[in-house]
Each structure stands twice: as structure tokens, then as C-alpha cells.
>>> print(open('structure-v9.cif').read())   # mmCIF, C-alpha atoms and all ligand atoms
data_coords
loop_
_atom_site.label_atom_id
_atom_site.label_comp_id
_atom_site.auth_asym_id
_atom_site.auth_seq_id
_atom_site.Cartn_x
_atom_site.Cartn_y
_atom_site.Cartn_z
CA MET G 15 49.99 -47.49 36.95
CA THR G 16 47.05 -45.05 36.83
CA GLU G 17 46.87 -42.32 39.45
CA PRO G 18 43.93 -42.84 41.88
CA ASN G 19 41.14 -40.27 41.60
CA ARG G 20 42.07 -37.98 44.45
CA ILE G 21 39.25 -35.43 44.07
CA GLU G 22 35.73 -36.54 45.03
CA ARG G 23 32.50 -34.83 44.03
CA GLU G 24 28.98 -34.71 45.45
CA PHE G 25 26.29 -33.45 43.09
CA GLY G 26 29.12 -32.14 40.91
CA VAL G 27 30.69 -30.09 43.72
CA ALA G 28 34.21 -31.03 44.79
CA PHE G 29 34.49 -32.42 48.32
CA PRO G 30 37.15 -30.43 50.25
CA GLY G 31 40.69 -31.77 50.15
CA GLN G 32 42.25 -34.63 48.31
CA ILE G 33 42.86 -38.27 49.06
CA VAL G 34 46.49 -38.57 50.13
CA ASP G 35 48.81 -41.53 49.78
CA GLN G 36 47.62 -44.41 51.95
CA SER G 37 50.79 -44.30 54.03
CA LYS G 38 49.56 -40.90 55.34
CA TRP G 39 45.99 -41.89 56.23
CA THR G 40 44.92 -41.11 59.79
CA GLN G 41 42.36 -42.50 62.24
CA THR G 42 39.54 -39.99 62.80
CA ALA G 43 37.14 -42.32 64.62
CA LEU G 44 36.29 -41.45 68.19
CA LYS G 45 34.79 -44.81 69.05
CA ALA G 46 34.61 -44.72 72.83
CA MET G 47 33.05 -41.59 74.26
CA PRO G 48 34.11 -41.21 77.92
CA ASP G 49 31.45 -41.41 80.63
CA GLY G 50 32.48 -37.96 81.74
CA LEU G 51 34.04 -34.90 80.17
CA LEU G 52 36.21 -35.04 77.06
CA ASN G 53 39.76 -33.88 77.56
CA TRP G 54 40.52 -31.89 74.40
CA HIS G 55 44.27 -31.93 75.01
CA GLU G 56 44.31 -35.73 75.31
CA LEU G 57 42.02 -36.17 72.31
CA PHE G 58 44.08 -34.06 69.90
CA GLY G 59 47.49 -34.08 71.60
CA ARG G 60 47.72 -30.30 71.81
CA ASP G 61 45.90 -27.17 72.97
CA ALA G 62 44.00 -25.48 70.13
CA PRO G 63 40.58 -23.86 69.67
CA VAL G 64 37.91 -26.57 69.41
CA VAL G 65 35.14 -26.52 66.78
CA LEU G 66 32.05 -28.76 67.08
CA ASP G 67 29.60 -29.68 64.31
CA LEU G 68 26.40 -31.12 65.75
CA GLY G 69 24.50 -33.26 63.23
CA CYS G 70 27.52 -33.11 60.91
CA GLY G 71 26.16 -35.61 58.36
CA ASN G 72 28.98 -36.73 56.05
CA GLY G 73 31.34 -34.15 57.53
CA ARG G 74 31.77 -32.01 54.41
CA SER G 75 31.78 -28.66 56.19
CA LEU G 76 33.88 -29.76 59.16
CA ILE G 77 36.49 -31.46 56.95
CA GLY G 78 36.70 -28.25 54.92
CA SER G 79 37.30 -26.31 58.14
CA ALA G 80 39.93 -28.82 59.35
CA ILE G 81 41.81 -28.42 56.07
CA THR G 82 41.68 -24.63 55.90
CA ARG G 83 42.26 -24.17 59.64
CA PRO G 84 44.98 -26.61 60.67
CA ASP G 85 45.43 -24.58 63.88
CA HIS G 86 41.90 -25.59 65.08
CA ASP G 87 40.72 -28.98 66.36
CA HIS G 88 37.35 -30.36 65.23
CA LEU G 89 34.77 -32.84 66.50
CA GLY G 90 31.76 -33.83 64.40
CA ILE G 91 28.92 -35.91 65.78
CA ASP G 92 25.73 -37.35 64.34
CA ILE G 93 23.21 -39.93 65.50
CA LEU G 94 23.34 -41.83 62.18
CA PRO G 95 26.23 -44.36 62.09
CA VAL G 96 26.21 -44.54 58.28
CA VAL G 97 26.95 -40.83 57.78
CA ILE G 98 29.68 -40.91 60.40
CA ARG G 99 31.26 -43.84 58.53
CA TYR G 100 31.47 -41.65 55.40
CA ALA G 101 32.82 -38.71 57.40
CA ARG G 102 35.52 -40.82 59.07
CA LYS G 103 36.58 -42.44 55.82
CA ARG G 104 37.02 -39.08 54.15
CA GLY G 105 38.80 -37.61 57.18
CA ASN G 106 41.17 -40.61 57.29
CA GLN G 107 41.87 -40.51 53.57
CA ARG G 108 42.79 -36.84 53.75
CA GLY G 109 45.36 -37.57 56.45
CA LEU G 110 43.77 -35.18 58.95
CA SER G 111 44.92 -35.23 62.56
CA ASN G 112 42.82 -32.27 63.74
CA ILE G 113 39.40 -33.87 63.34
CA LYS G 114 37.43 -36.68 65.01
CA PHE G 115 33.96 -38.08 64.40
CA ALA G 116 31.63 -39.90 66.79
CA VAL G 117 28.14 -41.38 66.69
CA LEU G 118 26.25 -39.44 69.34
CA GLY G 119 23.39 -36.98 69.84
CA GLY G 120 24.09 -33.27 70.09
CA ARG G 121 22.27 -32.81 73.37
CA GLU G 122 24.01 -35.77 74.98
CA LEU G 123 27.43 -34.54 73.88
CA LEU G 124 26.91 -31.08 75.36
CA GLU G 125 25.27 -32.28 78.55
CA LYS G 126 27.65 -35.13 79.41
CA ASN G 127 30.93 -34.72 77.58
CA VAL G 128 31.77 -31.04 77.05
CA ALA G 129 33.24 -29.02 79.89
CA PRO G 130 31.70 -25.57 80.40
CA HIS G 131 33.38 -22.80 78.41
CA SER G 132 35.81 -25.13 76.65
CA VAL G 133 34.82 -24.77 72.99
CA ALA G 134 35.48 -21.95 70.48
CA GLU G 135 32.74 -22.65 67.92
CA ILE G 136 29.59 -24.74 67.56
CA HIS G 137 28.10 -25.27 64.10
CA CYS G 138 24.70 -26.69 63.36
CA TYR G 139 23.82 -27.01 59.67
CA HIS G 140 20.33 -28.06 58.62
CA PRO G 141 19.14 -29.68 61.85
CA GLN G 142 16.49 -32.25 61.04
CA PRO G 143 13.06 -30.48 61.00
CA TYR G 144 11.15 -33.72 61.79
CA TYR G 145 7.89 -33.36 59.82
CA ASP G 146 5.96 -36.08 61.68
CA PRO G 147 4.14 -34.49 64.66
CA ALA G 148 5.05 -37.57 66.74
CA LYS G 149 8.75 -36.74 66.28
CA VAL G 150 8.66 -33.00 66.97
CA HIS G 151 10.20 -33.63 70.40
CA LEU G 152 13.38 -34.80 68.60
CA ARG G 153 14.12 -31.37 67.13
CA LEU G 154 17.61 -30.41 68.20
CA ILE G 155 17.27 -26.66 68.58
CA THR G 156 15.32 -26.01 71.74
CA PRO G 157 15.82 -23.32 74.38
CA THR G 158 17.42 -25.87 76.72
CA PHE G 159 19.78 -27.00 73.96
CA LEU G 160 20.74 -23.36 73.31
CA ALA G 161 21.47 -22.87 77.02
CA SER G 162 23.81 -25.93 76.76
CA VAL G 163 25.48 -24.45 73.65
CA HIS G 164 25.95 -21.16 75.53
CA ARG G 165 27.52 -23.01 78.48
CA ALA G 166 29.84 -25.11 76.28
CA LEU G 167 31.21 -22.07 74.45
CA LYS G 168 34.03 -19.92 75.74
CA PRO G 169 32.88 -16.37 76.54
CA GLY G 170 32.14 -14.75 73.20
CA GLY G 171 32.34 -18.14 71.42
CA LEU G 172 30.63 -18.57 68.07
CA LEU G 173 27.40 -20.35 67.12
CA VAL G 174 26.66 -20.90 63.41
CA VAL G 175 23.25 -22.17 62.46
CA GLN G 176 21.63 -22.77 59.11
CA THR G 177 18.47 -24.33 57.68
CA ASP G 178 16.37 -24.44 54.53
CA ASN G 179 13.19 -24.89 56.51
CA PRO G 180 11.25 -21.59 56.85
CA GLY G 181 9.36 -22.75 59.95
CA TYR G 182 12.55 -23.80 61.73
CA TRP G 183 14.23 -20.52 60.77
CA LYS G 184 11.36 -18.43 62.13
CA TYR G 185 11.69 -20.30 65.43
CA ILE G 186 15.52 -19.99 65.44
CA ARG G 187 15.25 -16.23 64.94
CA GLU G 188 12.96 -15.99 67.94
CA VAL G 189 14.97 -18.07 70.41
CA VAL G 190 18.66 -17.80 69.48
CA PRO G 191 18.96 -14.02 70.16
CA VAL G 192 18.03 -14.64 73.82
CA PHE G 193 21.39 -16.39 74.33
CA PHE G 194 23.54 -14.99 71.50
CA ASP G 195 24.26 -11.67 69.82
CA PHE G 196 22.80 -13.04 66.64
CA HIS G 197 23.07 -11.87 63.04
CA GLU G 198 21.33 -13.20 60.01
CA ARG G 199 23.77 -13.72 57.15
CA ILE G 200 22.60 -12.45 53.81
CA GLY G 201 24.04 -14.40 50.91
CA ARG G 202 26.11 -17.51 50.52
CA TRP G 203 29.25 -18.37 52.48
CA PRO G 204 32.18 -16.83 50.58
CA ASP G 205 34.32 -19.90 51.37
CA SER G 206 31.76 -22.30 49.82
CA PRO G 207 29.42 -20.49 47.42
CA LYS G 208 28.02 -23.82 46.19
CA GLY G 209 27.27 -24.92 49.74
CA ARG G 210 29.23 -25.74 52.86
CA THR G 211 27.32 -28.95 53.48
CA ARG G 212 25.74 -31.73 51.45
CA ARG G 213 22.27 -30.57 52.44
CA GLU G 214 23.02 -26.96 51.52
CA ILE G 215 24.24 -28.07 48.07
CA ILE G 216 21.00 -29.98 47.53
CA ALA G 217 18.85 -27.08 48.72
CA LEU G 218 20.68 -24.61 46.47
CA LYS G 219 20.33 -26.92 43.46
CA LYS G 220 16.59 -27.12 44.19
CA LYS G 221 16.55 -23.30 44.39
CA LEU G 222 15.26 -23.37 47.95
CA PRO G 223 16.05 -20.45 50.24
CA VAL G 224 18.85 -21.17 52.68
CA PHE G 225 18.78 -19.26 55.97
CA ARG G 226 22.13 -18.65 57.66
CA GLY G 227 23.01 -16.98 60.92
CA HIS G 228 25.81 -16.64 63.43
CA GLY G 229 26.13 -15.23 66.89
CA THR G 230 28.47 -14.89 69.82
CA ALA G 231 27.54 -16.15 73.28
CA LYS G 232 26.19 -13.29 75.38
CA LEU G 233 28.84 -12.37 77.91
CA GLU G 234 26.52 -11.05 80.60
CA LEU G 235 24.35 -14.19 80.67
CA SER G 236 25.15 -16.58 83.54
CA GLU G 237 24.54 -20.32 83.30
CA GLU G 238 21.74 -20.11 85.89
CA GLU G 239 20.05 -17.25 84.09
CA ALA G 240 20.30 -19.06 80.73
CA ILE G 241 18.61 -22.14 82.22
CA ARG G 242 15.92 -19.99 83.82
CA LEU G 243 15.24 -18.20 80.53
CA ALA G 244 15.18 -21.49 78.60
CA GLU G 245 12.58 -22.94 80.92
CA ALA G 246 10.24 -20.02 80.23
CA MET G 247 10.55 -20.20 76.43
CA PRO G 248 8.36 -22.05 73.94
CA PRO G 249 9.45 -25.46 72.57
CA PRO G 250 9.95 -25.86 68.78
CA THR G 251 6.43 -26.86 67.82
CA PHE G 252 6.44 -25.01 64.48
CA ASP G 253 4.88 -26.48 61.33
CA ALA G 254 7.83 -27.89 59.31
CA ASP G 255 5.70 -28.12 56.13
CA ARG G 256 5.57 -31.75 55.03
CA ARG G 257 5.83 -30.73 51.37
CA LEU G 258 9.55 -30.17 51.96
CA ARG G 259 10.01 -33.80 53.05
CA ASP G 260 11.10 -35.07 49.61
CA LEU G 261 14.39 -33.27 49.98
CA ASP G 262 15.29 -35.55 52.87
CA ARG G 263 15.33 -38.62 50.66
CA LEU G 264 18.04 -37.02 48.50
CA ALA G 265 20.01 -35.79 51.52
C1 LIG N 301 19.29 -32.72 57.24
S1 LIG N 301 20.68 -33.60 57.85
C2 LIG N 301 21.96 -32.37 57.72
C3 LIG N 301 23.34 -32.98 57.74
C4 LIG N 301 24.47 -31.98 57.52
N1 LIG N 301 24.60 -31.07 58.63
C5 LIG N 301 24.25 -31.21 56.24
O1 LIG N 301 23.92 -30.01 56.32
O2 LIG N 301 24.41 -31.82 55.17
C6 LIG N 301 20.36 -33.63 59.61
C7 LIG N 301 21.37 -34.51 60.34
O3 LIG N 301 21.15 -34.37 61.74
C8 LIG N 301 21.30 -35.64 62.33
N2 LIG N 301 20.61 -35.58 63.62
C9 LIG N 301 19.29 -35.61 63.88
N3 LIG N 301 19.06 -35.48 65.20
C10 LIG N 301 20.28 -35.34 65.79
C11 LIG N 301 20.72 -35.19 67.13
N4 LIG N 301 19.86 -35.14 68.16
N5 LIG N 301 22.05 -35.08 67.36
C12 LIG N 301 22.93 -35.15 66.33
N6 LIG N 301 22.58 -35.33 65.05
C13 LIG N 301 21.27 -35.41 64.78
C14 LIG N 301 20.71 -36.59 61.30
O4 LIG N 301 21.15 -37.91 61.50
C15 LIG N 301 21.21 -35.98 60.01
O5 LIG N 301 22.46 -36.52 59.63
#
>>> encode(input="structure-v9.cif", output="C-alpha cells", more="lines below")
Ligand SMILES: C[S@@+](CC[C@H](N)C(=O)[O-])C[C@H]1O[C@@H](n2cnc3c(N)ncnc32)[C@H](O)[C@@H]1O
Amino acid sequence: MTEPNRIEREFGVAFPGQIVDQSKWTQTALKAMPDGLLNWHELFGRDAPVVLDLGCGNGRSLIGSAITRPDHDHLGIDILPVVIRYARKRGNQRGLSNIKFAVLGGRELLEKNVAPHSVAEIHCYHPQPYYDPAKVHLRLITPTFLASVHRALKPGGLLVVQTDNPGYWKYIREVVPVFFDFHERIGRWPDSPKGRTRREIIALKKKLPVFRGHGTAKLELSEEEAIRLAEAMPPPTFDADRRLRDLDRLA
């Protein structure tokens, strides 16, 4: 009998982990989101730092984190059911018990389902820039969203954000430092020099610049003050440059 191909590749880059024997597959679907707050202990059956990936796409980065950090629990969400199907399948086939995936919007998750100060890390890789002016209001990273990220994180919790869109990055660099002690990362992630995510791999292959940053939630900023600041800040109405749209078809 031939051995099944246990290593998968995307654009020639190995997807983290290997497909394990079917007897060890797990169930990573979070199908029913509660009306109220998620109980992390009930969801994962233990108490461990929780990592969120908002707009996780096919889950490449989060699955990599779940494999290399078995002592952390992970939840990836995306509004597109098809990408979450891929993410769940790969999570299941790798036998992971510290990761779940759900179809849901990032704002909705933070506003309705995440208890204040309950999460260790929030990652947001290549949020959709939305080139069509009629869809600009759908852009995920807004001041109000950042206030929700700040509230969801434990004091000093980590935000990681990344894009290949220069307009989005310029905006991110203006607004994120209001809520986070923010640092631009120069150079590729040492853990994934070919790209943490599918979109990053595509951007790097196209020789586009990739902008990466991380920051810790400002300790002195109260929830009320964060909301007040967010209300006074500009919405993300930057020009996303429609010439970059072609990349989306590949992604
Ligand atoms: C450019 S893709 C990036 C996917 C992945 N993070 C990566 O880097 O490969 C943007 C993703 O964000 C998702 N998305 C768009 N708006 C969202 C929202 N409000 N909440 C969650 N996901 C969203 C899209 O469905 C898409 O999968």
C-alpha cells in the first residue's frame, strides 16, 4: 500500500504540520457560536492562553501556531465559509485539539462573544482592503475595532497586524499606536521566512512589500477612554489602489 502524501504545499511552500493517521483526526469546527460570551475553558477543556486570528483565511498561520505552541489555544474566524472549510479540514487532519474555526466577522466576534481581557493575542493578517469605494465601510481595521481589540486583550496582550497594501499600512500606522505600544517589524518572520499566511506567500512571490507590525495593549488606557478616542478618530477612507486588485483573485 502506498503511503498517503502527508505534506501539503501551497505555491510550493509546505503547509505547517503533517496529515496524521485518520484514527487521530479531530473536530476543529465551531459550528454554533453562543449568543453570549464564549467560555474558553469549556471550548478547549482547559485553561491556556487564547490566540485569535481575525480573517484567518485558510488558517495557515494559526495552524502553524497551534502546532508549535501546543500550550496555547487558538480560534480562527473568517466571513467566507469556503476558506473556513479548508482551515477546518487541515486542522482536523493534523489531529489538533487546541484550535477551532468558525464562520463569523471579526467585529461581531469581539463585540458579542469575547469577554473583556480574556485573550492573550489577536492576529490580523492582510485584512481585505476593499478597493470598491462602495465597500470601504467593510474595512475591518477601524478605530472602534481597535478599541474592541484592546478590550478583548489581557493587559499587555499582543496585537499582530500585517498587510501588503501601502494605503492600509499608512492608516494602520496612524491609528494603532493610539491603543497599542506599536512597533513596525523590519524583515520577514523568522518562523516563516516564505510567509506566515497564504496571502503573504503570494505577495512575496510577486515581490510586493509586506508591512508587519506588533504591539501590546496600552496598560493605562481604560475601556471608556479607548471608546472616546476611537470616536474622535478618522475612519479608514484611504485609497487602496485598485491596481493591486489582481492579487485578490490569486488569494
Ligand atoms: C486578503 S484575505 C487574507 C486571508 C489570510 N489572513 C491571509 O493572510 O492569507 C482577507 C480575508 O479576510 C476575510 N474578511 C473580510 N472581512 C472580514 C471580517 N469583517 N471579519 C472576518 N474576516 C473578514 C476575507 O473573507 C478573507 O478571507
>>> residues_around(input="structure-v9.cif", residues="Arg104 in chain G", least_positions_apart="3", cutoff="12 Å", atoms="all atoms listed in the file", output="MDAnalysis selection string")
chainID G and resid 20:23 29:34 39:43 72:78 80:81 97:101 107:110 113:115
>>> residues_near_ligand(input="structure-v9.cif", ligand="ligand LIG 301 (chain N)", cutoff="9 Å", atoms="all atoms listed in the file", output="VMD selection string")
chain G and resid 67 to 75 91 to 98 117 to 123 137 to 144 152 to 155 176 to 177 209 to 216 261 to 262 265
>>> atom_distance(input="structure-v9.cif", atom1="CA of Lys103 in chain G", atom2="CA of Ser37 in chain G")
14.4 Å
>>> residues_around(input="structure-v9.cif", residues="Gly229 in chain G", least_positions_apart="2", cutoff="6 Å", atoms="all atoms listed in the file", output="list in words")
Leu172, Leu173, Phe194, Asp195, Phe196 and His197 of chain G
>>> closest_residue(input="structure-v9.cif", among="G:Ala231, G:Ala62, G:Leu258, G:Ala217", to="Phe25 in chain G", atoms="all atoms listed in the file")
G:Ala217
>>> atom_distance(input="structure-v9.cif", atom1="CA of Phe159 in chain G", atom2="CA of His86 in chain G")
23.9 Å
>>> residues_around(input="structure-v9.cif", residues="Leu66 in chain G", least_positions_apart="2", cutoff="8 Å", atoms="all atoms listed in the file", output="VMD selection string")
chain G and resid 64 68 88 to 91 133 135 to 137
>>> closest_residue(input="structure-v9.cif", among="G:Asp49, G:Asp146, G:Glu239, G:Trp54", to="Arg259 in chain G", atoms="all atoms listed in the file")
G:Asp146
>>> decode(input="structure-v9.cif", residues="range 221-250 of chain G", atoms="C-alpha atoms", output="short mmCIF file (atom, residue, chain, number, x, y, z; two decimals), in the first residue's frame")
data_model
loop_
_atom_site.label_atom_id
_atom_site.label_comp_id
_atom_site.auth_asym_id
_atom_site.auth_seq_id
_atom_site.Cartn_x
_atom_site.Cartn_y
_atom_site.Cartn_z
CA LYS G 221 7.81 40.91 -4.88
CA LEU G 222 5.34 43.24 -3.21
CA PRO G 223 6.34 44.94 0.04
CA VAL G 224 4.81 43.32 3.10
CA PHE G 225 4.26 45.57 6.12
CA ARG G 226 4.33 43.90 9.53
CA GLY G 227 3.78 45.27 13.00
CA HIS G 228 3.03 44.21 16.54
CA GLY G 229 2.06 45.98 19.71
CA THR G 230 0.97 45.44 23.27
CA ALA G 231 -2.29 46.86 24.60
CA LYS G 232 -1.63 50.13 26.42
CA LEU G 233 -1.97 49.47 30.12
CA GLU G 234 -3.03 52.96 31.15
CA LEU G 235 -5.89 53.14 28.62
CA SER G 236 -9.33 52.43 30.12
CA GLU G 237 -12.18 50.97 28.06
CA GLU G 238 -14.13 54.25 28.28
CA GLU G 239 -11.14 56.30 27.20
CA ALA G 240 -10.44 53.92 24.28
CA ILE G 241 -14.03 54.30 23.05
CA ARG G 242 -13.85 58.07 23.44
CA LEU G 243 -10.59 58.23 21.48
CA ALA G 244 -11.95 55.92 18.76
CA GLU G 245 -14.98 58.13 18.24
CA ALA G 246 -12.75 61.13 17.56
CA MET G 247 -10.50 59.35 15.04
CA PRO G 248 -10.81 59.20 11.25
CA PRO G 249 -12.40 56.15 9.56
CA PRO G 250 -10.29 54.11 7.07
#
